[in-house]
>>> print(open('work.txt').read())   # compact mmCIF, C-alpha atoms
# COMPACT_ATOMS: atom_id res chain seq x y z
CA MET Q 7 76.49 -46.52 33.34
CA SER Q 8 78.99 -48.64 35.34
CA GLY Q 9 80.75 -51.61 34.05
CA ASP Q 10 78.34 -54.06 35.74
CA GLY Q 11 75.40 -52.61 33.84
CA ARG Q 12 73.85 -50.52 36.66
CA GLU Q 13 73.14 -46.82 36.29
CA SER Q 14 75.23 -44.44 38.24
CA GLU Q 15 73.98 -42.80 41.39
CA GLY Q 16 73.60 -39.46 39.62
CA GLY Q 17 71.31 -41.10 37.14
CA GLU Q 18 69.11 -42.46 39.92
CA GLU Q 19 68.70 -38.98 41.37
CA GLU Q 20 67.68 -37.66 37.98
CA VAL Q 21 65.00 -40.34 37.68
CA ARG Q 22 63.71 -39.66 41.14
CA GLY Q 23 63.35 -35.92 40.38
CA ALA Q 24 61.52 -36.40 37.07
CA ARG Q 25 57.78 -35.64 36.69
CA ARG Q 26 55.48 -38.56 37.13
CA ILE Q 27 52.10 -39.12 35.38
CA PRO Q 28 49.41 -38.43 37.99
CA GLY Q 29 47.17 -41.27 39.02
CA PRO Q 30 43.42 -41.36 38.45
CA ARG Q 31 41.32 -38.77 40.31
CA GLY Q 32 38.77 -39.78 42.83
CA ALA Q 33 35.13 -39.02 42.27
CA ALA Q 34 33.67 -35.92 43.89
CA ASP Q 35 31.71 -38.08 46.29
CA ASP Q 36 34.94 -39.70 47.50
CA LEU Q 37 36.56 -36.43 48.51
CA ASP Q 38 36.30 -34.89 51.96
CA LEU Q 39 35.30 -31.40 50.84
CA GLU Q 40 35.50 -30.02 54.35
CA SER Q 41 39.21 -30.80 54.50
CA VAL Q 42 39.91 -28.99 51.21
CA PRO Q 43 41.03 -25.37 51.86
CA LEU Q 44 39.01 -22.75 49.98
CA PRO Q 45 40.72 -19.88 48.12
CA PRO Q 46 40.55 -16.51 49.88
CA LEU Q 47 37.72 -14.24 48.67
CA PRO Q 48 38.34 -10.55 48.02
CA PRO Q 49 36.60 -8.03 50.30
CA PRO Q 50 33.29 -6.66 49.00
CA GLY Q 51 33.68 -3.89 46.41
CA SER Q 52 37.35 -4.54 45.76
CA ALA Q 53 38.91 -6.07 42.67
CA ALA Q 54 40.10 -9.60 42.79
CA PRO Q 55 43.76 -9.89 43.86
CA ALA Q 56 46.22 -10.51 41.13
CA GLY Q 57 46.82 -14.15 40.60
CA SER Q 58 43.65 -15.27 42.39
CA VAL Q 59 42.04 -16.01 39.01
CA PRO Q 60 44.36 -17.86 36.68
CA GLU Q 61 44.73 -16.37 33.28
CA GLN Q 62 42.94 -18.30 30.58
CA SER Q 63 44.09 -18.18 27.05
CA VAL Q 64 41.55 -18.38 24.22
CA PRO Q 65 42.37 -21.41 22.13
CA GLU Q 66 43.14 -20.63 18.55
CA PRO Q 67 40.68 -22.06 16.02
CA PRO Q 68 41.99 -24.93 14.03
CA GLU Q 69 43.22 -24.11 10.59
CA ALA Q 70 40.54 -24.48 7.95
CA PRO Q 71 41.19 -27.10 5.34
CA GLU Q 72 42.09 -25.80 1.94
CA ALA Q 73 39.03 -27.41 0.34
CA LEU Q 74 35.95 -29.24 1.58
CA MET Q 75 35.13 -32.20 -0.58
CA THR Q 76 31.40 -33.12 -0.73
CA SER Q 77 30.94 -36.80 -1.05
CA VAL Q 78 28.44 -37.85 -3.69
CA PRO Q 79 26.22 -40.66 -2.39
CA ASP Q 80 25.56 -43.59 -4.66
CA LEU Q 81 21.75 -43.56 -4.97
CA PRO Q 82 19.63 -45.80 -7.21
CA HIS Q 83 17.84 -44.36 -10.26
CA ARG Q 84 14.34 -44.51 -8.74
CA VAL Q 85 15.48 -42.46 -5.71
CA LEU Q 86 17.19 -39.86 -7.89
CA LYS Q 87 14.08 -39.60 -10.08
CA ALA Q 88 11.94 -39.05 -6.97
CA LEU Q 89 14.28 -36.22 -5.89
CA LEU Q 90 13.82 -34.22 -9.10
CA GLY Q 91 10.87 -32.23 -7.74
CA ALA Q 92 12.75 -31.28 -4.58
CA TRP Q 93 15.81 -30.45 -6.66
CA ALA Q 94 13.77 -28.11 -8.89
CA LEU Q 95 12.53 -26.32 -5.74
CA SER Q 96 16.11 -26.14 -4.34
CA ALA Q 97 14.99 -28.22 -1.37
CA CYS Q 98 17.65 -30.97 -1.56
CA SER Q 99 20.65 -31.27 0.73
CA ALA Q 100 24.11 -30.61 -0.67
CA GLU Q 101 24.83 -34.33 -1.05
CA GLU Q 102 21.46 -34.98 -2.74
CA THR Q 103 21.92 -31.99 -5.07
CA ALA Q 104 25.36 -33.27 -6.11
CA ALA Q 105 23.98 -36.76 -6.71
CA VAL Q 106 21.03 -35.49 -8.78
CA GLU Q 107 23.15 -33.15 -10.90
CA GLU Q 108 25.72 -35.87 -11.57
CA HIS Q 109 22.88 -38.20 -12.56
CA LEU Q 110 21.40 -35.61 -14.98
CA THR Q 111 24.61 -35.61 -17.00
CA SER Q 112 24.13 -39.26 -17.94
CA CYS Q 113 20.31 -39.77 -17.94
CA ALA Q 114 18.49 -37.98 -20.77
CA PRO Q 115 14.88 -38.74 -19.60
CA CYS Q 116 15.59 -37.35 -16.13
CA ALA Q 117 17.32 -34.32 -17.64
CA ASP Q 118 14.23 -33.53 -19.73
CA GLU Q 119 11.96 -33.96 -16.72
CA ALA Q 120 14.22 -31.73 -14.61
CA LEU Q 121 14.07 -29.00 -17.26
CA ARG Q 122 10.26 -29.12 -17.32
CA LEU Q 123 10.10 -28.97 -13.54
CA ARG Q 124 12.43 -25.97 -13.41
CA ASP Q 125 10.23 -24.16 -15.97
CA ALA Q 126 7.15 -24.96 -13.88
CA VAL Q 127 8.83 -23.61 -10.74
CA GLY Q 128 9.50 -20.37 -12.61
CA LEU Q 129 5.75 -19.94 -13.10
CA LEU Q 130 5.16 -20.28 -9.36
CA HIS Q 131 7.24 -17.18 -8.64
CA THR Q 132 5.65 -14.78 -11.14
CA ASP Q 133 4.51 -11.38 -9.88
CA GLY Q 134 2.04 -10.88 -12.73
CA SER Q 135 -1.73 -10.69 -12.54
CA LEU Q 136 -3.61 -13.84 -11.61
CA ASP Q 137 -6.26 -12.99 -14.18
CA LEU Q 138 -6.21 -15.13 -17.31
CA ASP Q 139 -5.11 -13.73 -20.61
CA PRO Q 140 -8.30 -12.56 -22.40
CA THR Q 141 -7.10 -14.28 -25.57
CA LEU Q 142 -6.57 -17.63 -23.82
CA ARG Q 143 -10.08 -18.91 -24.46
CA SER Q 144 -10.01 -18.06 -28.16
CA ARG Q 145 -6.55 -19.65 -28.55
CA VAL Q 146 -7.69 -22.84 -26.82
CA MET Q 147 -10.85 -22.97 -28.93
CA ASP Q 148 -8.88 -22.36 -32.13
CA GLY Q 149 -6.50 -25.17 -31.20
CA CYS Q 150 -9.36 -27.55 -30.46
CA LEU Q 151 -11.28 -26.63 -33.61
CA GLY Q 152 -8.10 -26.97 -35.65
CA ARG Q 153 -7.85 -30.59 -34.59
CA ARG Q 154 -11.58 -31.31 -34.74
CA PRO Q 155 -13.76 -28.70 -36.49
CA ALA Q 156 -17.20 -28.13 -35.00
CA ARG Q 157 -20.06 -29.72 -36.91
CA ILE Q 158 -22.16 -26.58 -36.32
CA PRO Q 159 -19.72 -23.67 -35.73
CA VAL Q 160 -20.62 -20.48 -33.86
CA PRO Q 161 -21.21 -17.69 -36.39
CA GLU Q 162 -18.37 -15.22 -36.61
CA TRP Q 163 -20.68 -12.32 -35.73
CA ALA Q 164 -21.73 -14.10 -32.51
CA ALA Q 165 -18.15 -14.85 -31.37
CA PRO Q 166 -17.70 -11.60 -29.34
CA TYR Q 167 -20.94 -12.24 -27.43
CA ASP Q 168 -19.89 -15.84 -26.80
CA ALA Q 169 -16.47 -14.74 -25.51
CA GLU Q 170 -17.70 -11.91 -23.26
CA THR Q 171 -20.48 -13.93 -21.63
CA ALA Q 172 -17.94 -16.70 -20.92
CA ARG Q 173 -15.48 -14.20 -19.37
CA LEU Q 174 -18.17 -12.66 -17.19
CA ASP Q 175 -19.36 -16.10 -16.11
CA ALA Q 176 -15.80 -16.97 -15.07
CA LEU Q 177 -15.73 -13.84 -12.88
CA LEU Q 178 -19.09 -14.73 -11.31
CA ARG Q 179 -17.88 -18.23 -10.48
CA ASP Q 180 -14.97 -16.79 -8.51
CA ILE Q 181 -16.90 -14.49 -6.19
CA GLY Q 182 -18.50 -15.50 -2.89
CA ASP Q 183 -22.16 -15.32 -1.84
CA SER Q 184 -21.75 -12.04 0.03
CA GLU Q 185 -20.15 -10.33 -2.98
CA TRP Q 186 -23.32 -10.82 -5.01
CA HIS Q 187 -24.80 -8.06 -2.83
CA ALA Q 188 -21.85 -5.68 -3.30
CA PRO Q 189 -23.06 -2.23 -4.45
CA VAL Q 190 -22.51 -1.38 -8.12
CA ARG Q 191 -23.10 2.07 -9.61
CA LEU Q 192 -24.19 2.00 -13.25
CA ARG Q 193 -23.36 5.17 -15.18
CA TRP Q 194 -24.46 6.60 -18.51
CA PHE Q 195 -25.14 9.96 -20.24
CA GLU Q 196 -28.47 11.60 -21.00
CA GLU Q 197 -28.26 14.68 -23.21
CA GLU Q 198 -25.50 16.76 -21.56
CA ARG Q 199 -25.25 15.21 -18.10
CA GLU Q 200 -24.05 12.05 -16.43
CA VAL Q 201 -26.71 9.82 -14.85
CA SER Q 202 -26.16 6.93 -12.46
CA ARG Q 203 -28.18 4.19 -10.82
CA ARG Q 204 -27.20 2.07 -7.86
CA THR Q 205 -27.80 -1.67 -7.77
CA THR Q 206 -25.93 -4.85 -6.78
CA VAL Q 207 -23.87 -7.46 -8.63
CA ALA Q 208 -26.94 -9.68 -8.85
CA GLY Q 209 -28.98 -6.70 -10.07
CA VAL Q 210 -26.51 -6.12 -12.92
CA ILE Q 211 -26.87 -9.74 -14.10
CA GLY Q 212 -30.65 -9.37 -13.96
CA HIS Q 213 -30.33 -6.22 -16.11
CA LEU Q 214 -28.22 -8.07 -18.70
CA MET Q 215 -30.69 -10.96 -18.78
CA ALA Q 216 -33.67 -8.62 -19.24
CA VAL Q 217 -32.12 -6.77 -22.21
CA ASP Q 218 -30.76 -9.97 -23.77
CA GLY Q 219 -34.39 -11.03 -23.88
CA LEU Q 220 -34.81 -8.74 -26.91
CA LEU Q 221 -32.53 -11.08 -28.87
CA SER Q 222 -34.38 -14.10 -27.49
CA ALA Q 223 -37.67 -12.72 -28.80
CA ALA Q 224 -36.13 -12.05 -32.24
CA LEU Q 225 -34.99 -15.70 -32.42
CA GLY Q 226 -38.37 -17.07 -31.27
CA LEU Q 227 -37.12 -18.01 -27.79
CA ASP Q 228 -38.79 -17.32 -24.45
CA ASP Q 229 -38.54 -13.77 -23.13
CA PRO Q 230 -37.46 -13.68 -19.45
CA LEU Q 231 -40.10 -10.97 -18.88
CA GLY Q 232 -42.84 -13.24 -20.16
CA GLY Q 233 -43.40 -11.70 -23.58
CA GLY Q 234 -46.77 -10.23 -24.50
CA GLU Q 235 -46.81 -6.68 -23.14
CA ALA Q 236 -43.12 -6.62 -22.17
CA PRO Q 237 -41.59 -3.24 -23.09
CA LEU Q 238 -38.90 -2.95 -25.75
CA ASP Q 239 -36.93 -0.05 -24.30
CA PRO Q 240 -33.87 -1.45 -22.40
CA THR Q 241 -34.36 0.88 -19.43
CA GLU Q 242 -38.04 0.04 -19.09
CA ARG Q 243 -37.31 -3.68 -19.38
CA THR Q 244 -34.73 -3.45 -16.61
CA GLU Q 245 -37.09 -1.53 -14.33
CA ARG Q 246 -39.84 -4.09 -15.03
CA TYR Q 247 -37.52 -6.97 -14.12
CA TRP Q 248 -36.23 -5.30 -10.94
CA SER Q 249 -39.72 -4.41 -9.76
CA SER Q 250 -41.11 -7.90 -10.49
CA THR Q 251 -38.73 -9.58 -8.05
CA HIS Q 252 -40.19 -9.80 -4.55
CA ARG Q 253 -36.78 -9.55 -2.92
CA PRO Q 254 -33.30 -8.43 -4.04
CA PRO Q 255 -31.82 -10.90 -6.55
CA THR Q 256 -29.10 -13.26 -5.35
CA ARG Q 257 -26.56 -15.46 -7.04
CA ALA Q 258 -29.47 -17.64 -8.18
CA VAL Q 259 -29.83 -15.24 -11.13
CA ARG Q 260 -26.58 -16.49 -12.67
CA GLU Q 261 -27.91 -19.85 -13.87
CA PRO Q 262 -30.90 -18.52 -15.88
CA TRP Q 263 -28.73 -15.74 -17.36
CA ARG Q 264 -26.06 -18.22 -18.44
CA ALA Q 265 -28.62 -20.68 -19.77
CA GLN Q 266 -30.18 -17.86 -21.81
CA SER Q 267 -26.83 -16.84 -23.34
CA HIS Q 268 -26.05 -20.46 -24.23
CA GLU Q 269 -29.46 -20.85 -25.86
CA LEU Q 270 -29.00 -17.65 -27.88
CA ILE Q 271 -25.65 -18.82 -29.27
CA ARG Q 272 -26.92 -22.34 -29.97
CA THR Q 273 -30.02 -21.10 -31.77
CA ALA Q 274 -28.05 -18.58 -33.83
CA SER Q 275 -25.60 -21.32 -34.81
CA PHE Q 276 -28.33 -23.65 -36.08
CA ALA Q 277 -30.39 -20.90 -37.75
CA GLY Q 278 -28.01 -20.33 -40.68
CA ARG Q 279 -26.68 -17.20 -42.35
CA ASN Q 280 -29.94 -15.38 -43.02
CA VAL Q 281 -30.70 -14.92 -39.32
CA ALA Q 282 -27.85 -12.38 -39.01
CA GLU Q 283 -30.03 -9.77 -40.75
CA ALA Q 284 -33.12 -10.38 -38.58
CA SER Q 285 -34.30 -7.14 -36.98
CA VAL Q 286 -34.06 -6.65 -33.21
CA SER Q 287 -36.23 -3.78 -31.95
CA TYR Q 288 -35.04 -1.64 -29.04
CA GLY Q 289 -38.18 0.48 -29.10
CA ALA Q 290 -36.80 3.79 -30.38
CA PHE Q 291 -34.50 2.06 -32.90
CA ALA Q 292 -33.71 -1.34 -34.34
CA LEU Q 293 -30.53 -3.24 -35.18
CA PRO Q 294 -29.77 -6.31 -37.27
CA LEU Q 295 -29.24 -9.35 -35.09
CA GLN Q 296 -25.51 -9.43 -35.87
CA ASP Q 297 -25.13 -5.82 -34.62
CA ALA Q 298 -27.44 -6.44 -31.67
CA ALA Q 299 -25.25 -9.39 -30.58
CA LEU Q 300 -22.20 -7.14 -30.84
CA ASP Q 301 -23.99 -4.48 -28.80
CA ARG Q 302 -24.79 -7.07 -26.11
CA ALA Q 303 -21.16 -8.23 -26.10
CA PHE Q 304 -20.07 -4.61 -25.55
CA GLU Q 305 -22.49 -4.11 -22.66
CA CYS Q 306 -21.51 -7.46 -21.13
CA TRP Q 307 -17.87 -6.36 -21.09
CA VAL Q 308 -18.67 -2.90 -19.71
CA HIS Q 309 -20.86 -4.25 -16.89
CA GLY Q 310 -18.34 -7.01 -16.24
CA GLY Q 311 -15.86 -4.22 -15.55
CA ASP Q 312 -18.40 -2.53 -13.24
CA ILE Q 313 -18.77 -5.76 -11.27
CA ALA Q 314 -15.01 -6.32 -11.19
CA ASP Q 315 -14.49 -2.82 -9.75
CA ALA Q 316 -17.11 -3.48 -7.08
CA VAL Q 317 -15.49 -6.75 -5.90
CA ASP Q 318 -11.86 -5.71 -6.56
CA TYR Q 319 -11.28 -8.27 -9.32
CA PRO Q 320 -8.89 -7.89 -12.28
CA TYR Q 321 -10.70 -7.63 -15.61
CA GLU Q 322 -9.05 -7.04 -18.97
CA ALA Q 323 -10.37 -5.56 -22.20
CA PRO Q 324 -11.65 -7.89 -24.94
CA SER Q 325 -9.32 -9.27 -27.56
CA ALA Q 326 -8.15 -6.78 -30.18
CA ALA Q 327 -10.28 -8.32 -32.94
CA HIS Q 328 -13.46 -8.20 -30.85
CA LEU Q 329 -12.75 -4.71 -29.53
CA HIS Q 330 -12.20 -3.46 -33.09
CA ARG Q 331 -15.64 -4.73 -34.08
CA MET Q 332 -17.24 -3.02 -31.05
CA ILE Q 333 -15.58 0.28 -31.96
CA ASP Q 334 -16.71 -0.15 -35.56
CA LEU Q 335 -20.34 -0.58 -34.45
CA ALA Q 336 -20.17 2.60 -32.35
CA ALA Q 337 -18.60 4.52 -35.26
CA ARG Q 338 -21.37 3.36 -37.59
CA LEU Q 339 -24.01 4.55 -35.11
CA LEU Q 340 -22.47 8.02 -34.65
CA PRO Q 341 -23.99 9.78 -37.73
CA ALA Q 342 -27.53 8.84 -36.62
CA ALA Q 343 -26.71 9.90 -33.05
CA ILE Q 344 -25.47 13.31 -34.27
CA ALA Q 345 -28.67 13.74 -36.31
CA GLY Q 346 -30.80 12.87 -33.28
CA ARG Q 347 -28.99 15.38 -31.11
CA ARG Q 348 -29.35 17.99 -33.84
CA ARG Q 349 -33.15 17.50 -33.85
CA SER Q 350 -33.09 18.08 -30.08
CA GLY Q 351 -31.03 21.26 -30.48
CA LEU Q 352 -27.97 19.69 -28.82
CA ALA Q 353 -25.69 19.65 -31.91
CA GLY Q 354 -24.64 22.28 -34.41
CA PRO Q 355 -26.71 22.83 -37.59
CA ALA Q 356 -25.96 20.96 -40.79
CA LYS Q 357 -23.67 23.02 -42.99
CA ASP Q 358 -23.45 21.06 -46.25
CA LEU Q 359 -26.28 18.64 -47.04
CA VAL Q 360 -25.53 16.12 -49.78
CA THR Q 361 -27.45 13.33 -51.46
CA ALA Q 362 -27.52 9.89 -49.88
CA GLY Q 363 -24.28 8.00 -50.45
CA ALA Q 364 -22.32 11.09 -51.50
CA PRO Q 365 -19.18 12.17 -49.57
CA GLY Q 366 -19.98 14.75 -46.92
CA ARG Q 367 -18.22 16.75 -44.23
CA SER Q 368 -16.49 14.32 -41.90
CA VAL Q 369 -14.46 13.99 -38.74
CA HIS Q 370 -11.48 11.66 -38.86
CA LEU Q 371 -11.79 9.43 -35.79
CA GLU Q 372 -8.36 7.88 -35.16
CA ILE Q 373 -8.45 5.07 -32.60
CA GLU Q 374 -5.03 4.13 -31.29
CA GLY Q 375 -3.72 1.08 -29.49
CA HIS Q 376 -5.82 -1.99 -28.70
CA GLY Q 377 -8.38 -2.62 -31.48
CA GLY Q 378 -7.53 0.62 -33.23
CA GLY Q 379 -8.18 1.88 -36.74
CA ASP Q 380 -9.46 4.89 -38.71
CA TRP Q 381 -13.09 5.91 -39.23
CA TYR Q 382 -14.62 8.93 -40.97
CA ILE Q 383 -17.82 10.14 -39.32
CA ALA Q 384 -20.34 11.94 -41.54
CA LEU Q 385 -21.53 15.13 -39.84
CA ASP Q 386 -24.47 16.59 -41.78
CA SER Q 387 -26.60 13.57 -42.69
CA PRO Q 388 -26.76 9.92 -41.57
CA ALA Q 389 -27.05 8.92 -45.24
CA ALA Q 390 -23.88 10.77 -46.27
CA LEU Q 391 -20.61 8.94 -46.76
CA GLY Q 392 -17.70 9.75 -44.47
CA SER Q 393 -14.73 10.77 -46.60
CA PRO Q 394 -11.07 11.56 -45.88
CA GLU Q 395 -11.15 14.16 -48.68
CA ARG Q 396 -13.86 16.11 -46.87
CA ALA Q 397 -12.52 15.73 -43.32
CA VAL Q 398 -12.78 19.03 -41.41
CA ALA Q 399 -11.32 17.77 -38.12
CA GLN Q 400 -9.43 14.93 -36.52
CA VAL Q 401 -9.72 13.47 -33.03
CA ALA Q 402 -7.44 10.77 -31.62
CA LEU Q 403 -8.47 8.43 -28.80
CA ASP Q 404 -7.24 5.22 -27.23
CA GLY Q 405 -9.45 2.25 -28.08
CA VAL Q 406 -10.46 1.42 -24.50
CA GLU Q 407 -10.98 5.12 -23.70
CA PHE Q 408 -13.32 5.49 -26.69
CA CYS Q 409 -15.34 2.51 -25.45
CA ARG Q 410 -15.52 4.01 -21.97
CA LEU Q 411 -16.82 7.21 -23.58
CA ALA Q 412 -19.44 5.28 -25.56
CA ALA Q 413 -20.44 3.50 -22.33
CA GLY Q 414 -20.89 6.81 -20.47
CA HIS Q 415 -18.11 6.05 -18.00
CA ILE Q 416 -16.10 9.18 -18.82
CA SER Q 417 -17.20 12.60 -20.02
CA PRO Q 418 -16.44 13.90 -23.54
CA VAL Q 419 -14.11 16.51 -22.07
CA GLU Q 420 -12.04 13.80 -20.35
CA ALA Q 421 -11.91 11.57 -23.41
CA ALA Q 422 -10.21 13.73 -26.05
CA ALA Q 423 -6.53 12.82 -26.18
CA GLY Q 424 -5.74 14.82 -29.31
CA GLN Q 425 -7.85 16.99 -31.60
CA GLU Q 426 -7.31 19.24 -34.57
CA GLY Q 427 -9.62 21.22 -36.84
CA ASP Q 428 -13.27 22.29 -36.49
CA ARG Q 429 -13.95 22.44 -32.74
CA GLU Q 430 -17.74 22.30 -33.13
CA ALA Q 431 -17.51 19.18 -35.28
CA ILE Q 432 -15.23 17.48 -32.72
CA ARG Q 433 -17.62 18.39 -29.90
CA ASP Q 434 -20.60 16.99 -31.82
CA VAL Q 435 -18.81 13.66 -32.39
CA LEU Q 436 -17.63 13.28 -28.79
CA PHE Q 437 -21.00 14.12 -27.25
CA ALA Q 438 -22.76 11.87 -29.75
CA ALA Q 439 -20.46 9.01 -28.68
CA ALA Q 440 -21.42 9.60 -25.05
CA SER Q 441 -25.11 9.65 -26.01
CA LEU Q 442 -24.83 6.05 -27.25
CA SER Q 443 -24.69 4.96 -23.61
CA ARG Q 444 -27.78 3.84 -21.69
CA LEU Q 445 -28.71 1.86 -18.63
>>> encode(input="work.txt", output="structure tokens")
Amino acid sequence: MSGDGRESEGGEEEVRGARRIPGPRGAADDLDLESVPLPPLPPPGSAAPAGSVPEQSVPEPPEAPEALMTSVPDLPHRVLKALLGAWALSACSAEETAAVEEHLTSCAPCADEALRLRDAVGLLHTDGSLDLDPTLRSRVMDGCLGRRPARIPVPEWAAPYDAETARLDALLRDIGDSEWHAPVRLRWFEEEREVSRRTTVAGVIGHLMAVDGLLSAALGLDDPLGGGEAPLDPTERTERYWSSTHRPPTRAVREPWRAQSHELIRTASFAGRNVAEASVSYGAFALPLQDAALDRAFECWVHGGDIADAVDYPYEAPSAAHLHRMIDLAARLLPAAIAGRRRSGLAGPAKDLVTAGAPGRSVHLEIEGHGGGDWYIALDSPAALGSPERAVAQVALDGVEFCRLAAGHISPVEAAAGQEGDREAIRDVLFAAASLSRL
């Protein structure tokens, strides 16, 4: 700089040669495109000349921050409480989740509600069966009766029939109109062979109602077959009912069947203790009412399983206590069944007759698993006493498998899981169990 304050000439040249900031561009409409020279195009099929396309560098991504801080919004209590359901389902945004979780550390009522909601969400994702636990009804009833006992309780001997008719009714409520006509094959054993009969879901309910009429008659109630000359044999009663209907039964049969079962339980509850010993005739044999009700509970469960198989519905076994009583009834009927088969020449001869009530030759029937226990089946006389000291054989079966054998749903050969001792005695017991089955 010179003494008078002006820049030197060399400095002016440097300023003139410096880069200048370009002015604003004109819009595309303001340009005369025809006067703008176009870049030369390469000949067809040849690569573009070097330098015709400027090299473009890929911009480097910006450096990620070391940590992303989520801001927690300041939401009022009522909004946070309304978000608890969405939070339990993991449907909140990150900011909402942070706000809810921070709120749960200081609000005890919301924390309790959030815990309950999370537990409920866990139930929504279960892969288990949709069928209810067979013990649920009894547990609910026990809880209710514990708080407020029934003025007229259901007799203990009628509880299995009450439970099984309720379970079957729940199944029937779930099926559609068309499924009432689904084919069902009923199976049982006669002598040495398996017999079957084809019907429908509605036909099975009609069969149950017709045979339950034997209990109705014993209690002085109306017989669904009209009474009078109605047969006593269960098979004949079923055939009479099926033939008396002018068209195939429909779901309309459910209401009279359910009303009949309710009336049976109500009448038995009001009748008192002595009614348990009232005789129920099945034609060829008779049972006390308490055993007849247990027999009907067993058949209701078995045919409920037949219906469930026909409509592809899950159906569990009865509760262990009820199943044990059903097995006990079948075990008590086995000596008479063996004697009946012996009279028909289908069982081995008696080898050691004893006086009534004395210990006789026996088979140890060991029932394992659900409803299990130990029974000793007298072989030579129905009046003899089964005794572990005089056991000549042992056969082990699962509880449900034994019931399927007694229902005629599996053959005696298929049923034996384990056996030891006198083979003829084991055969007589297994085939006698199968002979307990009927339509």
>>> residues_around(input="work.txt", residues="Ala105 in chain Q", least_positions_apart="3", cutoff="7 Å", atoms="only C-alpha atoms", output="PyMOL selection string")
chain Q and resi 78-79+101-102+108-109
>>> atom_distance(input="work.txt", atom1="CA of Val127 in chain Q", atom2="CA of Leu86 in chain Q")
18.5 Å
>>> atom_distance(input="work.txt", atom1="CA of Gly375 in chain Q", atom2="CA of Arg444 in chain Q")
25.4 Å
>>> residues_around(input="work.txt", residues="Leu445 in chain Q", least_positions_apart="2", cutoff="12 Å", atoms="only C-alpha atoms", output="count of residues only")
33
>>> residues_around(input="work.txt", residues="Ala282 in chain Q", least_positions_apart="5", cutoff="9 Å", atoms="all atoms listed in the file", output="PyMOL selection string")
chain Q and resi 161+163+274+277+294-297
>>> write_last_selection(input="work.txt", atoms="C-alpha atoms", output="mmCIF file, in the coordinates of the input")
data_model
loop_
_atom_site.group_PDB
_atom_site.id
_atom_site.type_symbol
_atom_site.label_atom_id
_atom_site.label_comp_id
_atom_site.auth_asym_id
_atom_site.auth_seq_id
_atom_site.Cartn_x
_atom_site.Cartn_y
_atom_site.Cartn_z
ATOM 1 C CA PRO Q 161 -21.210 -17.690 -36.390
ATOM 2 C CA TRP Q 163 -20.680 -12.320 -35.730
ATOM 3 C CA ALA Q 274 -28.050 -18.580 -33.830
ATOM 4 C CA ALA Q 277 -30.390 -20.900 -37.750
ATOM 5 C CA PRO Q 294 -29.770 -6.310 -37.270
ATOM 6 C CA LEU Q 295 -29.240 -9.350 -35.090
ATOM 7 C CA GLN Q 296 -25.510 -9.430 -35.870
ATOM 8 C CA ASP Q 297 -25.130 -5.820 -34.620
#
>>> atom_distance(input="work.txt", atom1="CA of Ser250 in chain Q", atom2="CA of Gly209 in chain Q")
12.2 Å
>>> closest_residue(input="work.txt", among="Q:Ile344, Q:Ala336, Q:Val369, Q:Leu293", to="Ala412 in chain Q", atoms="only C-alpha atoms")
Q:Ala336
>>> residues_around(input="work.txt", residues="range 116-123 of chain Q", least_positions_apart="6", cutoff="7 Å", atoms="all atoms listed in the file", output="MDAnalysis selection string")
chainID Q and resid 87 90:91 94 110
>>> closest_residue(input="work.txt", among="Q:Glu107, Q:Asp183, Q:Glu170, Q:Asp434", to="Ala258 in chain Q", atoms="only C-alpha atoms")
Q:Asp183
>>> closest_residue(input="work.txt", among="Q:His187, Q:Arg410, Q:His330, Q:His268", to="Ala169 in chain Q", atoms="all atoms listed in the file")
Q:His268
>>> residues_around(input="work.txt", residues="range 357-363 of chain Q", least_positions_apart="2", cutoff="12 Å", atoms="all atoms listed in the file", output="PDB file with C-alpha atoms, keeping the file's coordinate frame")
ATOM      1  CA  ARG Q 348     -29.350  17.990 -33.840  1.00  0.00           C
ATOM      2  CA  ALA Q 353     -25.690  19.650 -31.910  1.00  0.00           C
ATOM      3  CA  GLY Q 354     -24.640  22.280 -34.410  1.00  0.00           C
ATOM      4  CA  PRO Q 355     -26.710  22.830 -37.590  1.00  0.00           C
ATOM      5  CA  PRO Q 365     -19.180  12.170 -49.570  1.00  0.00           C
ATOM      6  CA  GLY Q 366     -19.980  14.750 -46.920  1.00  0.00           C
ATOM      7  CA  ARG Q 367     -18.220  16.750 -44.230  1.00  0.00           C
ATOM      8  CA  SER Q 368     -16.490  14.320 -41.900  1.00  0.00           C
ATOM      9  CA  ALA Q 384     -20.340  11.940 -41.540  1.00  0.00           C
ATOM     10  CA  LEU Q 385     -21.530  15.130 -39.840  1.00  0.00           C
ATOM     11  CA  ASP Q 386     -24.470  16.590 -41.780  1.00  0.00           C
ATOM     12  CA  SER Q 387     -26.600  13.570 -42.690  1.00  0.00           C
ATOM     13  CA  PRO Q 388     -26.760   9.920 -41.570  1.00  0.00           C
ATOM     14  CA  ALA Q 389     -27.050   8.920 -45.240  1.00  0.00           C
ATOM     15  CA  ALA Q 390     -23.880  10.770 -46.270  1.00  0.00           C
ATOM     16  CA  LEU Q 391     -20.610   8.940 -46.760  1.00  0.00           C
ATOM     17  CA  GLY Q 392     -17.700   9.750 -44.470  1.00  0.00           C
ATOM     18  CA  SER Q 393     -14.730  10.770 -46.600  1.00  0.00           C
ATOM     19  CA  ARG Q 396     -13.860  16.110 -46.870  1.00  0.00           C
ATOM     20  CA  VAL Q 398     -12.780  19.030 -41.410  1.00  0.00           C
ATOM     21  CA  GLU Q 430     -17.740  22.300 -33.130  1.00  0.00           C
ATOM     22  CA  ALA Q 431     -17.510  19.180 -35.280  1.00  0.00           C
TER      23      ALA Q 431
END
